[in-house]
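entry39.txt (compact mmCIF, C-alpha atoms)
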# COMPACT_ATOMS: atom_id res chain seq x y z
CA MET A 32 0.17 20.85 9.64
CA SER A 33 -0.06 17.21 10.75
CA ASP A 34 2.56 14.73 9.57
CA ALA A 35 2.22 10.96 9.69
CA ARG A 36 5.68 10.20 8.31
CA GLN A 37 8.01 7.86 10.13
CA TYR A 38 11.70 7.54 9.33
CA PHE A 39 14.03 4.58 8.98
CA LYS A 40 17.78 5.15 9.19
CA LEU A 41 19.63 3.17 6.55
CA VAL A 42 22.79 1.26 7.36
CA SER A 43 25.72 3.67 7.10
CA PRO A 44 27.45 3.67 4.73
CA PHE A 45 24.63 2.60 2.41
CA ALA A 46 26.30 1.26 -0.75
CA MET A 47 24.73 2.26 -4.06
CA LYS A 48 24.50 -0.12 -7.02
CA ARG A 49 26.32 2.14 -9.47
CA GLY A 50 29.05 3.20 -7.05
CA GLY A 51 29.40 5.53 -4.11
CA ALA A 52 27.58 5.39 -0.80
CA LEU A 53 25.30 7.46 1.42
CA HIS A 54 26.13 8.23 5.03
CA GLY A 55 23.45 8.86 7.63
CA ALA A 56 20.67 8.41 5.07
CA HIS A 57 17.03 7.61 5.79
CA VAL A 58 13.71 6.91 4.07
CA ALA A 59 10.26 8.17 5.03
CA PHE A 60 7.21 5.92 5.26
CA GLU A 61 3.67 5.84 6.58
CA THR A 62 1.58 2.96 7.90
CA TRP A 63 -2.10 2.02 8.25
CA GLY A 64 -3.71 -0.82 10.15
CA THR A 65 -2.08 -3.14 12.68
CA LEU A 66 0.67 -5.71 12.28
CA ASN A 67 -0.69 -9.00 13.61
CA ALA A 68 1.04 -11.28 16.09
CA ALA A 69 2.33 -13.57 13.35
CA ARG A 70 3.66 -10.53 11.46
CA ASP A 71 2.35 -12.02 8.23
CA ASN A 72 -0.27 -9.44 7.16
CA ALA A 73 2.04 -6.69 5.86
CA VAL A 74 1.46 -5.04 2.48
CA LEU A 75 4.12 -2.72 1.06
CA ILE A 76 3.31 -0.12 -1.61
CA PHE A 77 5.91 1.44 -3.92
CA THR A 78 4.84 4.72 -5.53
CA GLY A 79 5.36 6.30 -8.91
CA LEU A 80 8.04 8.94 -9.45
CA SER A 81 6.53 11.94 -7.69
CA PRO A 82 4.04 10.83 -4.97
CA SER A 83 4.85 10.91 -1.28
CA ALA A 84 4.36 8.12 1.26
CA HIS A 85 0.95 9.62 2.10
CA ALA A 86 -1.17 7.18 0.11
CA ALA A 87 -4.26 7.76 2.26
CA SER A 88 -5.51 9.69 5.27
CA ASN A 89 -4.83 8.35 8.75
CA ALA A 90 -5.17 9.44 12.36
CA GLN A 91 -1.92 11.40 12.28
CA ASP A 92 -2.63 13.11 8.95
CA PRO A 93 -6.31 13.34 7.96
CA SER A 94 -5.59 14.96 4.58
CA ALA A 95 -6.50 12.89 1.53
CA GLY A 96 -3.70 10.77 0.09
CA TRP A 97 -2.83 10.02 -3.54
CA TRP A 98 -4.66 6.62 -3.36
CA GLU A 99 -7.32 7.72 -0.87
CA ASP A 100 -10.20 5.78 -2.42
CA MET A 101 -8.16 2.57 -2.67
CA LEU A 102 -6.77 2.26 0.84
CA GLY A 103 -8.58 2.22 4.19
CA PRO A 104 -11.13 0.33 6.31
CA GLY A 105 -13.42 -1.69 4.05
CA LYS A 106 -11.72 -0.49 0.87
CA ALA A 107 -9.87 -2.59 -1.71
CA ILE A 108 -6.71 -2.53 0.41
CA ASP A 109 -8.58 -3.12 3.66
CA THR A 110 -6.67 -1.75 6.64
CA THR A 111 -8.86 -3.68 9.08
CA ARG A 112 -7.12 -6.80 7.76
CA TRP A 113 -3.80 -5.62 6.38
CA PHE A 114 -0.91 -3.70 7.89
CA VAL A 115 -0.06 -1.36 5.01
CA ILE A 116 3.23 0.45 4.50
CA CYS A 117 3.91 3.05 1.82
CA MET A 118 7.50 4.22 1.42
CA ASN A 119 8.77 7.43 -0.12
CA SER A 120 11.49 6.44 -2.57
CA LEU A 121 15.11 7.01 -1.72
CA GLY A 122 16.06 10.00 -3.87
CA SER A 123 12.68 11.69 -3.49
CA ASP A 124 12.29 14.99 -1.66
CA LYS A 125 9.11 13.92 0.18
CA GLY A 126 11.02 12.99 3.33
CA SER A 127 13.74 10.60 2.17
CA THR A 128 17.42 11.35 1.65
CA CYS A 129 17.79 12.88 -1.81
CA PRO A 130 19.88 15.34 -3.85
CA ALA A 131 18.26 18.21 -1.94
CA SER A 132 19.36 16.74 1.42
CA ILE A 133 22.39 17.92 3.35
CA ASP A 134 25.57 15.94 2.72
CA PRO A 135 27.05 15.33 6.20
CA ALA A 136 30.54 15.46 4.70
CA THR A 137 30.16 19.04 3.46
CA GLY A 138 27.26 20.54 5.40
CA GLU A 139 25.71 21.59 2.09
CA ALA A 140 23.07 20.06 -0.16
CA TYR A 141 24.26 17.13 -2.26
CA ARG A 142 22.83 18.49 -5.50
CA LEU A 143 24.73 16.72 -8.32
CA SER A 144 27.26 15.16 -5.94
CA PHE A 145 24.50 12.73 -4.91
CA PRO A 146 25.59 9.23 -6.03
CA ASP A 147 24.02 7.75 -9.14
CA LEU A 148 20.63 6.39 -8.09
CA SER A 149 19.12 3.09 -9.22
CA LEU A 150 15.75 1.54 -8.47
CA GLU A 151 17.69 -1.35 -6.91
CA ASP A 152 18.91 1.17 -4.30
CA VAL A 153 15.30 2.14 -3.60
CA ALA A 154 14.39 -1.55 -3.25
CA ASN A 155 17.28 -2.27 -0.89
CA ALA A 156 16.38 0.71 1.28
CA ALA A 157 12.81 -0.60 1.51
CA HIS A 158 13.97 -4.10 2.43
CA GLY A 159 15.97 -2.67 5.31
CA MET A 160 12.93 -0.72 6.50
CA VAL A 161 10.68 -3.80 6.34
CA ALA A 162 13.20 -5.87 8.29
CA HIS A 163 13.43 -3.10 10.89
CA LEU A 164 9.66 -3.39 11.39
CA GLY A 165 10.16 -7.08 12.24
CA ILE A 166 8.61 -8.39 9.02
CA GLU A 167 10.41 -11.34 7.44
CA ARG A 168 8.00 -11.85 4.57
CA LEU A 169 5.49 -9.47 3.01
CA ALA A 170 2.00 -10.83 2.43
CA CYS A 171 1.82 -8.68 -0.70
CA LEU A 172 4.04 -6.20 -2.51
CA ILE A 173 2.25 -3.61 -4.65
CA GLY A 174 4.12 -1.50 -7.18
CA CYS A 175 2.63 1.31 -9.27
CA SER A 176 4.35 2.73 -12.36
CA MET A 177 8.01 3.37 -11.41
CA GLY A 178 7.19 1.60 -8.15
CA GLY A 179 6.33 -1.53 -10.11
CA MET A 180 9.87 -1.66 -11.45
CA THR A 181 11.17 -1.14 -7.91
CA ALA A 182 8.96 -4.03 -6.78
CA LEU A 183 10.47 -6.34 -9.40
CA ALA A 184 13.93 -5.39 -8.16
CA TYR A 185 12.88 -6.01 -4.54
CA MET A 186 11.59 -9.51 -5.26
CA LEU A 187 14.59 -10.42 -7.38
CA LEU A 188 17.22 -9.09 -4.96
CA HIS A 189 15.56 -10.51 -1.83
CA PRO A 190 14.29 -14.02 -2.61
CA GLY A 191 11.66 -15.38 -0.25
CA SER A 192 10.79 -11.95 1.15
CA VAL A 193 7.44 -11.63 -0.70
CA ARG A 194 4.50 -14.05 -0.85
CA THR A 195 2.31 -12.34 -3.46
CA HIS A 196 2.59 -9.38 -5.80
CA ILE A 197 0.30 -6.85 -7.51
CA SER A 198 1.92 -5.18 -10.51
CA VAL A 199 0.19 -1.96 -11.59
CA ASP A 200 0.88 -0.22 -14.93
CA THR A 201 4.61 -0.85 -15.01
CA ALA A 202 7.34 -2.53 -17.05
CA PRO A 203 10.30 -4.91 -16.69
CA GLN A 204 12.49 -2.37 -18.51
CA ALA A 205 12.11 1.08 -20.02
CA GLN A 206 11.27 1.02 -23.73
CA PRO A 207 12.62 3.59 -26.24
CA PHE A 208 9.46 5.73 -26.23
CA ALA A 209 9.48 6.10 -22.43
CA ILE A 210 13.23 6.79 -22.44
CA ALA A 211 12.80 9.41 -25.17
CA ILE A 212 10.07 11.24 -23.27
CA ARG A 213 12.00 11.25 -19.99
CA SER A 214 15.12 12.36 -21.84
CA LEU A 215 13.22 15.40 -23.17
CA GLN A 216 11.89 16.13 -19.68
CA ARG A 217 15.42 16.10 -18.28
CA GLU A 218 16.69 18.21 -21.16
CA ALA A 219 14.01 20.84 -20.53
CA ILE A 220 15.15 21.13 -16.92
CA ARG A 221 18.87 21.13 -17.73
CA LEU A 222 18.52 23.78 -20.43
CA ASP A 223 16.69 26.20 -18.14
CA PRO A 224 19.39 28.79 -17.28
CA HIS A 225 18.14 28.86 -13.69
CA TRP A 226 18.95 25.17 -13.27
CA ASN A 227 22.60 26.27 -13.24
CA GLU A 228 24.15 22.78 -13.09
CA GLY A 229 21.87 21.92 -10.19
CA ARG A 230 22.77 25.03 -8.15
CA TYR A 231 19.40 26.79 -8.05
CA ASP A 232 17.49 28.32 -5.14
CA ALA A 233 13.98 29.64 -4.52
CA THR A 234 14.83 32.96 -6.17
CA HIS A 235 16.58 31.48 -9.20
CA TYR A 236 14.60 28.32 -9.89
CA PRO A 237 14.10 26.40 -13.18
CA ASP A 238 10.36 27.03 -13.31
CA ILE A 239 10.17 26.96 -17.11
CA GLY A 240 12.14 23.73 -17.43
CA MET A 241 10.09 22.01 -14.75
CA SER A 242 6.87 23.28 -16.36
CA ILE A 243 7.76 21.82 -19.75
CA ALA A 244 8.88 18.56 -18.14
CA ARG A 245 5.59 18.24 -16.31
CA LYS A 246 3.54 19.03 -19.41
CA LEU A 247 5.36 16.34 -21.37
CA GLY A 248 4.68 13.91 -18.55
CA VAL A 249 0.97 14.72 -18.29
CA ILE A 250 0.56 14.29 -22.06
CA THR A 251 1.95 10.74 -21.82
CA TYR A 252 0.12 9.86 -18.60
CA ARG A 253 -3.24 10.14 -20.37
CA SER A 254 -4.47 8.84 -23.72
CA ALA A 255 -5.42 10.53 -26.99
CA MET A 256 -8.92 9.17 -26.43
CA GLU A 257 -9.24 11.11 -23.20
CA TRP A 258 -7.73 14.32 -24.63
CA ASN A 259 -10.25 14.18 -27.47
CA GLY A 260 -13.13 13.50 -25.11
CA ARG A 261 -12.25 16.22 -22.63
CA PHE A 262 -11.07 19.03 -24.87
CA ALA A 263 -11.66 18.27 -28.55
CA ARG A 264 -10.65 21.46 -30.37
CA ILE A 265 -12.43 23.82 -27.99
CA ARG A 266 -10.88 27.27 -27.98
CA LEU A 267 -10.50 29.56 -25.01
CA GLU A 268 -12.79 32.55 -24.68
CA ALA A 269 -11.23 35.71 -26.08
CA GLU A 270 -10.56 37.16 -22.62
CA GLN A 271 -8.78 33.96 -21.57
CA ARG A 272 -6.29 33.95 -24.43
CA GLU A 273 -2.77 35.25 -24.05
CA ASP A 274 -2.23 38.58 -25.74
CA GLU A 275 1.08 37.66 -27.32
CA PRO A 276 2.27 35.90 -30.50
CA PHE A 277 1.65 32.15 -30.43
CA GLY A 278 0.03 32.35 -27.00
CA PHE A 279 -2.46 29.82 -25.63
CA GLU A 280 -5.54 29.50 -27.81
CA PHE A 281 -6.98 26.06 -27.00
CA GLN A 282 -8.42 24.75 -23.75
CA VAL A 283 -5.98 21.83 -23.66
CA GLU A 284 -3.06 24.28 -23.63
CA SER A 285 -4.54 26.14 -20.67
CA TYR A 286 -5.18 22.85 -18.84
CA LEU A 287 -1.56 21.77 -19.21
CA GLU A 288 -0.34 25.14 -18.02
CA GLY A 289 -2.47 25.01 -14.90
CA HIS A 290 -1.39 21.45 -14.16
CA ALA A 291 2.27 22.36 -14.55
CA ARG A 292 1.97 25.50 -12.45
CA ARG A 293 0.60 23.48 -9.53
CA PHE A 294 3.45 20.97 -9.77
CA VAL A 295 6.56 23.04 -10.49
CA ARG A 296 7.44 24.09 -6.96
CA THR A 297 6.26 20.91 -5.26
CA PHE A 298 9.06 18.63 -6.46
CA ASP A 299 12.79 19.26 -6.41
CA PRO A 300 14.24 19.44 -9.97
CA ASN A 301 17.41 17.50 -9.16
CA CYS A 302 15.35 14.75 -7.52
CA TYR A 303 13.23 14.64 -10.67
CA LEU A 304 16.36 14.17 -12.77
CA TYR A 305 17.78 11.39 -10.60
CA LEU A 306 14.55 9.38 -10.32
CA SER A 307 13.77 9.83 -14.01
CA ARG A 308 17.16 8.48 -15.01
CA ALA A 309 16.87 5.61 -12.51
CA SER A 310 13.66 4.60 -14.31
CA ASP A 311 15.46 4.59 -17.65
CA TRP A 312 18.35 2.52 -16.30
CA PHE A 313 16.20 -0.23 -14.81
CA ASP A 314 16.30 -3.43 -16.83
CA ILE A 315 15.41 -6.77 -15.30
CA GLY A 316 17.15 -8.34 -18.27
CA GLU A 317 20.44 -7.52 -16.50
CA TYR A 318 19.64 -10.41 -14.18
CA GLY A 319 18.80 -12.83 -16.98
CA ASN A 320 21.82 -12.72 -19.29
CA GLY A 321 20.19 -9.93 -21.26
CA SER A 322 16.80 -11.66 -21.39
CA VAL A 323 13.80 -10.04 -19.71
CA MET A 324 12.01 -13.38 -19.51
CA GLU A 325 15.01 -15.05 -17.86
CA GLY A 326 15.27 -12.18 -15.39
CA LEU A 327 11.59 -12.42 -14.48
CA GLN A 328 11.89 -16.19 -14.05
CA ARG A 329 14.36 -15.64 -11.23
CA ILE A 330 11.53 -14.17 -9.13
CA ARG A 331 9.90 -16.71 -6.81
CA ILE A 332 6.48 -15.85 -5.42
CA GLU A 333 3.23 -17.77 -4.91
CA GLN A 334 0.68 -15.56 -6.66
CA ALA A 335 0.52 -12.37 -8.66
CA MET A 336 -1.95 -10.05 -10.32
CA VAL A 337 -0.63 -7.99 -13.21
CA ILE A 338 -2.78 -5.03 -14.25
CA GLY A 339 -2.32 -3.02 -17.42
CA VAL A 340 -4.32 -0.56 -19.51
CA SER A 341 -4.87 -0.79 -23.25
CA THR A 342 -4.52 3.00 -23.62
CA ASP A 343 -1.19 3.27 -21.74
CA ILE A 344 1.46 4.58 -24.16
CA LEU A 345 4.18 4.97 -21.51
CA PHE A 346 4.06 1.40 -20.21
CA PRO A 347 2.28 -0.49 -23.01
CA LEU A 348 0.00 -3.42 -22.29
CA GLN A 349 2.39 -5.88 -23.90
CA GLN A 350 4.93 -5.09 -21.19
CA GLN A 351 2.39 -6.04 -18.52
CA GLN A 352 1.74 -9.23 -20.45
CA GLN A 353 5.48 -9.92 -20.44
CA ILE A 354 5.62 -9.57 -16.66
CA ALA A 355 2.67 -11.92 -16.26
CA GLU A 356 4.20 -14.53 -18.55
CA GLY A 357 7.58 -14.31 -16.82
CA LEU A 358 6.18 -14.70 -13.31
CA GLN A 359 3.96 -17.56 -14.45
CA ALA A 360 6.91 -19.32 -16.05
CA ALA A 361 8.71 -19.00 -12.71
CA GLY A 362 5.92 -20.97 -11.02
CA ALA A 363 3.59 -18.27 -9.71
CA GLN A 364 -0.17 -18.45 -10.11
CA VAL A 365 -0.79 -15.31 -12.16
CA GLU A 366 -3.94 -13.39 -13.05
CA PHE A 367 -3.58 -10.89 -15.89
CA VAL A 368 -6.04 -7.99 -15.99
CA ALA A 369 -6.21 -5.82 -19.13
CA LEU A 370 -8.41 -2.77 -18.59
CA ASP A 371 -9.85 -0.51 -21.28
CA SER A 372 -9.79 2.64 -19.14
CA PRO A 373 -9.56 5.73 -21.38
CA GLN A 374 -7.28 7.55 -18.91
CA GLY A 375 -4.07 5.86 -20.09
CA HIS A 376 -1.16 5.40 -17.70
CA ASP A 377 -2.81 7.48 -14.96
CA ALA A 378 -5.86 5.19 -14.89
CA PHE A 379 -4.74 3.62 -11.59
CA LEU A 380 -5.15 7.04 -9.97
CA VAL A 381 -8.47 7.83 -11.66
CA ASP A 382 -10.39 4.69 -12.60
CA ILE A 383 -10.69 3.60 -8.98
CA ASP A 384 -13.76 1.42 -9.49
CA ASN A 385 -12.08 -0.97 -11.92
CA TYR A 386 -8.77 -1.04 -10.08
CA SER A 387 -10.50 -1.53 -6.73
CA ARG A 388 -12.45 -4.45 -8.12
CA ALA A 389 -9.27 -6.13 -9.34
CA ILE A 390 -6.97 -5.33 -6.40
CA GLY A 391 -9.63 -5.84 -3.75
CA GLY A 392 -10.67 -9.14 -5.27
CA PHE A 393 -7.09 -10.42 -5.35
CA LEU A 394 -6.38 -9.46 -1.73
CA ALA A 395 -9.69 -10.87 -0.52
CA ARG A 396 -8.69 -14.29 -1.90
CA LEU A 397 -5.40 -14.40 0.03
Kindly present the structure from the file in structure tokens form.
Amino acid sequence: MSDARQYFKLVSPFAMKRGGALHGAHVAFETWGTLNAARDNAVLIFTGLSPSAHAASNAQDPSAGWWEDMLGPGKAIDTTRWFVICMNSLGSDKGSTCPASIDPATGEAYRLSFPDLSLEDVANAAHGMVAHLGIERLACLIGCSMGGMTALAYMLLHPGSVRTHISVDTAPQAQPFAIAIRSLQREAIRLDPHWNEGRYDATHYPDIGMSIARKLGVITYRSAMEWNGRFARIRLEAEQREDEPFGFEFQVESYLEGHARRFVRTFDPNCYLYLSRASDWFDIGEYGNGSVMEGLQRIRIEQAMVIGVSTDILFPLQQQQQIAEGLQAAGAQVEFVALDSPQGHDAFLVDIDNYSRAIGGFLARL
């Protein structure tokens, strides 16, 4: 199987925001396009919680990426013009050092001995990677979902390192609804007996906990409008129903089960816990004396596009509006795009036409 990942070794020890440090750590990333002589055409993409650095196909790995229709020659993020980097978050098991990695001090997996992870740590790891590539200032920083929060941390912690920003379906801090959902997801994993305080293996694995966590996530990633449109109250055929008390009866139940089954063994449970909690902890208000607006106004960039979706219940549209207002108050020229996509939070992965029009238009004007 082809692999386009590259690896950047972090400074060792790599100090973590909430205490502790990593030794011999690294992050994985992939690139598309060519860095120009002036080194001023770099675009960095931060992902959501679970995607890898493989945002799109490339010569080294021709398989389709998670943003395949957005990124490439002639597409919205045009790789004939831009040098694009997508990094796998520190703490994720898609190539970066994470709780599933080997702790050099013990020779065994970190598991729950991994230091507390913050999105600021992810941002600092990315800044080191960008500097290693010889890039002093990014032409544009793009952050999607959790990656949007990481992007805010990056711009705040490293002033002058970003010229423009595209914020996609994110938030300046986690709101109670999002925290509540992620708390339930973590609880489902922790209460699975096979989780065993993080000491599971392939034979004894918290499949049920991960399945419930994923189902909860998928429910919040889409909107009630889409659930109604796709499934209504359609029941499964008799032969498709589970022959047990309270078994699956509706198509939507079967859909969630299939979605969860495909995900469960593709993402490490401890990594899920760490990244989920890092998302809850992030609060740009920490940098503004408790005020989100003051925190946002510490970010200095030239231009920004902030995109939100009216049907997003996880990162509501008013939070995108707050980001736009904060960046504008700090002096940036800001364009706010409110989309009516029915797909909810996941619209940026599905409603490619509308997102391409917005993102491609913004980048074309730079």
Which residue gives the smallest distance to Cys302 in chain A among A:Asp147, A:Glu257, A:Asp92, A:Asp314, with only C-alpha atoms counted?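 Closest candidate: A:Asp147.
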Pick from A:Ala263, A:Pro93, A:Ala35, A:Thr78 nearest to Ala154 in chain A, counting all atoms listed in the file: A:Thr78
Length of the CA of Met118 in chain A to CA of Arg245 in chain A vector [Å]: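 Straight-line distance from CA of Met118 in chain A to CA of Arg245 in chain A works out to 22.7 Å.
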Write out as a list in words the residues lying within 8 Å of Tyr141 in chain A, counting all atoms listed in the file and excluding same-chain residues fewer than 3 positions away. Cys129, Pro130, Ala131, Ser132, Ile133, Asp134, Ser144 and Phe145 of chain A
Counting all atoms listed in the file, select every polymer residue within 10 Å of (11.8, -4.5, -7.3) as defined in the file's coordinates, and provide the selection as a list in words.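 Result, sorted by chain then residue number: Phe77, Leu150, Glu151, Asp152, Val153, Ala154, Asn155, Ala157, His158, Leu172, Ile173, Gly174, Met177, Gly178, Gly179, Met180, Thr181, Ala182, Leu183, Ala184, Tyr185, Met186, Leu187, Leu188, His189, Pro203, Phe313, Ile315 and Ile330 of chain A.
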With a distance cut-off of 8 Å and all atoms listed in the file, select the neighbouring residues of Ala244 in chain A, excluding the residue or stretch itself and same-chain residues fewer than 3 positions from it, and output the selection as a PyMOL selection string. chain A and resi 215-217+219-220+240-241+247-248
Spatial neighbours of Asn72 in chain A, 6 Å, all atoms listed in the file, chain gap at least 3 places, as a PyMOL selection string: chain A and resi 113-114+170
Please dump the current selection as an mmCIF file, in the frame of the given file; keep C-alpha atoms.
data_model
loop_
_atom_site.group_PDB
_atom_site.id
_atom_site.type_symbol
_atom_site.label_atom_id
_atom_site.label_comp_id
_atom_site.auth_asym_id
_atom_site.auth_seq_id
_atom_site.Cartn_x
_atom_site.Cartn_y
_atom_site.Cartn_z
ATOM 1 C CA TRP A 113 -3.800 -5.620 6.380
ATOM 2 C CA PHE A 114 -0.910 -3.700 7.890
ATOM 3 C CA ALA A 170 2.000 -10.830 2.430
#
Test item: residues at most 10 Å from Gln334 in chain A, only C-alpha atoms, excluding those fewer than 6 positions along its chain, as a list in words: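 Surrounding residues, per the criterion: Cys171, Val193, Arg194, Thr195, His196, Ile197, Leu358, Gln359, Gly362, Ala363, Gln364, Val365, Glu366, Phe393 and Leu397 of chain A.
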Enter the distance from CA of Asn385 in chain A to CA of Val199 in chain A, in Å, rounded to one decimal.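 Atom-to-atom, CA of Asn385 in chain A and CA of Val199 in chain A are spaced 12.3 Å apart.
Using all atoms listed in the file, the smallest distance between any of A:Thr342, A:Gln37, A:Thr137, A:Asn67 and Asn119 in chain A comes from A:Gln37.
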Please provide the set of residues having any atom within 8 Å of Val340 in chain A, restricted to only C-alpha atoms, with same-chain residues fewer than 2 positions apart removed, written as a count of residues only. 13
Export of range 218-231 of chain A: N, CA and C atoms, as a PDB file, in the first residue's frame:
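part.pdb, written as the output of this step:
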ATOM      1  N   GLU A 218     -17.663   8.632  27.915  1.00  0.00           N
ATOM      2  CA  GLU A 218     -18.218   7.724  28.933  1.00  0.00           C
ATOM      3  C   GLU A 218     -18.533   6.359  28.334  1.00  0.00           C
ATOM      4  N   ALA A 219     -19.076   6.348  27.126  1.00  0.00           N
ATOM      5  CA  ALA A 219     -19.383   5.068  26.468  1.00  0.00           C
ATOM      6  C   ALA A 219     -18.123   4.222  26.308  1.00  0.00           C
ATOM      7  N   ILE A 220     -17.019   4.867  25.940  1.00  0.00           N
ATOM      8  CA  ILE A 220     -15.760   4.136  25.773  1.00  0.00           C
ATOM      9  C   ILE A 220     -15.233   3.664  27.124  1.00  0.00           C
ATOM     10  N   ARG A 221     -15.243   4.551  28.116  1.00  0.00           N
ATOM     11  CA  ARG A 221     -14.671   4.217  29.423  1.00  0.00           C
ATOM     12  C   ARG A 221     -15.458   3.135  30.142  1.00  0.00           C
ATOM     13  N   LEU A 222     -16.775   3.076  29.904  1.00  0.00           N
ATOM     14  CA  LEU A 222     -17.601   2.083  30.588  1.00  0.00           C
ATOM     15  C   LEU A 222     -17.611   0.727  29.889  1.00  0.00           C
ATOM     16  N   ASP A 223     -17.030   0.639  28.713  1.00  0.00           N
ATOM     17  CA  ASP A 223     -16.883  -0.665  28.058  1.00  0.00           C
ATOM     18  C   ASP A 223     -15.845  -1.465  28.853  1.00  0.00           C
ATOM     19  N   PRO A 224     -16.219  -2.634  29.386  1.00  0.00           N
ATOM     20  CA  PRO A 224     -15.260  -3.413  30.206  1.00  0.00           C
ATOM     21  C   PRO A 224     -13.949  -3.696  29.487  1.00  0.00           C
ATOM     22  N   HIS A 225     -14.002  -3.788  28.158  1.00  0.00           N
ATOM     23  CA  HIS A 225     -12.773  -4.084  27.412  1.00  0.00           C
ATOM     24  C   HIS A 225     -11.844  -2.874  27.300  1.00  0.00           C
ATOM     25  N   TRP A 226     -12.348  -1.690  27.642  1.00  0.00           N
ATOM     26  CA  TRP A 226     -11.435  -0.536  27.655  1.00  0.00           C
ATOM     27  C   TRP A 226     -10.368  -0.745  28.713  1.00  0.00           C
ATOM     28  N   ASN A 227     -10.780  -1.230  29.888  1.00  0.00           N
ATOM     29  CA  ASN A 227      -9.834  -1.683  30.922  1.00  0.00           C
ATOM     30  C   ASN A 227      -8.804  -0.617  31.279  1.00  0.00           C
ATOM     31  N   GLU A 228      -9.303   0.604  31.594  1.00  0.00           N
ATOM     32  CA  GLU A 228      -8.405   1.711  31.970  1.00  0.00           C
ATOM     33  C   GLU A 228      -7.355   1.994  30.890  1.00  0.00           C
ATOM     34  N   GLY A 229      -7.759   1.803  29.647  1.00  0.00           N
ATOM     35  CA  GLY A 229      -6.860   2.086  28.527  1.00  0.00           C
ATOM     36  C   GLY A 229      -5.958   0.935  28.128  1.00  0.00           C
ATOM     37  N   ARG A 230      -6.064  -0.205  28.835  1.00  0.00           N
ATOM     38  CA  ARG A 230      -5.164  -1.344  28.564  1.00  0.00           C
ATOM     39  C   ARG A 230      -5.901  -2.425  27.767  1.00  0.00           C
ATOM     40  N   TYR A 231      -6.286  -2.098  26.552  1.00  0.00           N
ATOM     41  CA  TYR A 231      -6.974  -3.045  25.682  1.00  0.00           C
ATOM     42  C   TYR A 231      -6.001  -3.543  24.614  1.00  0.00           C
TER      43      TYR A 231
END
